[in-house]
file run_38.tsv (TSV, C-alpha atoms)
chain	number	residue	atom	x	y	z
O	171	MET	CA	-18.89	6.09	-7.86
O	172	GLY	CA	-15.55	4.25	-8.00
O	173	MET	CA	-14.15	6.80	-10.41
O	174	GLY	CA	-15.16	9.63	-8.10
O	175	ILE	CA	-13.45	7.97	-5.13
O	176	ALA	CA	-10.29	7.40	-7.19
O	177	LEU	CA	-10.37	11.03	-8.35
O	178	GLY	CA	-10.70	12.31	-4.80
O	179	TYR	CA	-7.88	10.02	-3.66
O	180	ALA	CA	-5.64	11.19	-6.52
O	181	VAL	CA	-6.29	14.85	-5.74
O	182	LEU	CA	-5.49	14.33	-2.05
O	183	GLN	CA	-2.37	12.34	-2.94
O	184	LYS	CA	-0.88	14.26	-5.88
O	185	VAL	CA	-2.10	17.84	-5.45
O	186	PHE	CA	-2.47	18.42	-1.70
O	187	HIS	CA	0.04	15.75	-0.51
O	188	VAL	CA	-2.29	14.71	2.32
O	189	ILE	CA	-1.77	11.02	1.55
O	190	ALA	CA	1.77	9.73	1.01
O	191	GLU	CA	2.48	8.17	-2.38
O	192	THR	CA	4.35	5.30	-0.71
O	193	PRO	CA	3.17	4.86	2.89
O	194	SER	CA	5.72	3.03	5.02
O	195	TYR	CA	6.15	1.71	8.54
O	196	VAL	CA	9.57	1.00	10.04
O	197	THR	CA	9.93	-0.94	13.27
O	198	GLY	CA	12.69	-0.36	15.75
O	199	GLN	CA	15.44	-2.89	16.29
O	200	LEU	CA	14.24	-5.27	19.01
O	201	ASN	CA	17.66	-6.65	19.91
O	202	LYS	CA	20.92	-7.57	18.20
O	203	PHE	CA	19.36	-10.66	16.56
O	204	TRP	CA	16.18	-9.03	15.21
O	205	PRO	CA	16.95	-6.06	12.95
O	206	ALA	CA	14.48	-3.34	12.10
O	207	ALA	CA	11.89	-4.17	9.46
O	208	ALA	CA	10.20	-1.89	6.94
O	209	THR	CA	6.81	-2.29	5.28
O	210	ARG	CA	5.94	-0.14	2.29
O	211	ALA	CA	2.87	0.00	0.07
O	212	ASP	CA	2.60	1.65	-3.33
O	213	ILE	CA	-1.04	2.69	-3.37
O	214	THR	CA	-2.38	4.44	-6.46
O	215	PRO	CA	-5.88	5.29	-7.66
O	216	GLU	CA	-5.42	2.78	-10.48
O	217	TYR	CA	-4.92	-0.05	-7.99
O	218	LEU	CA	-7.98	1.07	-6.07
O	219	GLY	CA	-10.03	1.02	-9.29
O	220	VAL	CA	-8.82	-2.45	-10.26
O	221	GLY	CA	-9.54	-3.71	-6.75
O	222	TYR	CA	-13.06	-2.31	-6.98
O	223	ILE	CA	-13.65	-4.00	-10.34
O	224	ILE	CA	-12.32	-7.48	-9.45
O	225	GLY	CA	-13.80	-7.55	-5.97
O	226	PRO	CA	-12.37	-8.00	-2.49
O	227	ARG	CA	-11.86	-11.78	-2.67
O	228	ILE	CA	-9.62	-11.83	-5.74
O	229	ALA	CA	-7.93	-8.59	-4.64
O	230	GLY	CA	-7.09	-10.31	-1.33
O	231	VAL	CA	-5.58	-13.28	-3.21
O	232	LEU	CA	-3.41	-10.90	-5.25
O	233	VAL	CA	-2.27	-9.07	-2.13
O	234	ALA	CA	-1.45	-12.35	-0.37
O	235	GLY	CA	0.60	-13.47	-3.39
O	236	SER	CA	2.57	-10.24	-3.45
O	237	VAL	CA	3.24	-10.43	0.29
O	238	LEU	CA	4.51	-14.01	-0.04
O	239	ALA	CA	6.64	-13.16	-3.09
O	240	GLY	CA	8.15	-10.11	-1.43
O	241	GLY	CA	9.33	-12.05	1.63
O	242	ARG	CA	12.69	-12.97	0.08
call {"tool": "encode", "arguments": {"input": "run_38.tsv", "output": "structure tokens"}}
result
Amino acid sequence: MGMGIALGYAVLQKVFHVIAETPSYVTGQLNKFWPAAATRADITPEYLGVGYIIGPRIAGVLVAGSVLAGGR
């Protein structure tokens, strides 16, 4: 079932370009002290498959670690 979901996601992403390969969100500049911020996510079918295998708890720990490490 997981492989079928990943296949469907890959087809929508790579062939039909319905899903962006790197979804992003950019905020507007609030004032002169708070510049605009950008959030991007590199979501691939391989990551979805690994997340399905290791489970939501460990996947959440990995995501939290990457968010903390990317904060610079």
call {"tool": "residues_around", "arguments": {"input": "run_38.tsv", "residues": "O:Met171", "least_positions_apart": "2", "cutoff": "12 Å", "atoms": "all atoms listed in the file", "output": "PyMOL selection string"}}
result
chain O and resi 173-178+219+222-223
call {"tool": "residues_around", "arguments": {"input": "run_38.tsv", "residues": "O:Tyr195", "least_positions_apart": "5", "cutoff": "12 Å", "atoms": "all atoms listed in the file", "output": "MDAnalysis selection string"}}
result
chainID O and resid 190 206:211
call {"tool": "atom_distance", "arguments": {"input": "run_38.tsv", "atom1": "atom CA of O:Gln183", "atom2": "atom CA of O:Asp212"}}
result
11.8 Å
call {"tool": "closest_residue", "arguments": {"input": "run_38.tsv", "among": "O:Gly225, O:Leu232, O:Ile213, O:Tyr179", "to": "O:Glu191", "atoms": "all atoms listed in the file"}}
result
O:Ile213
call {"tool": "closest_residue", "arguments": {"input": "run_38.tsv", "among": "O:Gly230, O:Ile189, O:Pro215, O:Gln199", "to": "O:Gly172", "atoms": "all atoms listed in the file"}}
result
O:Pro215
call {"tool": "atom_distance", "arguments": {"input": "run_38.tsv", "atom1": "atom CA of O:Thr192", "atom2": "atom CA of O:Thr214"}}
result
8.9 Å
call {"tool": "atom_distance", "arguments": {"input": "run_38.tsv", "atom1": "atom CA of O:Leu182", "atom2": "atom CA of O:Val231"}}
result
27.6 Å
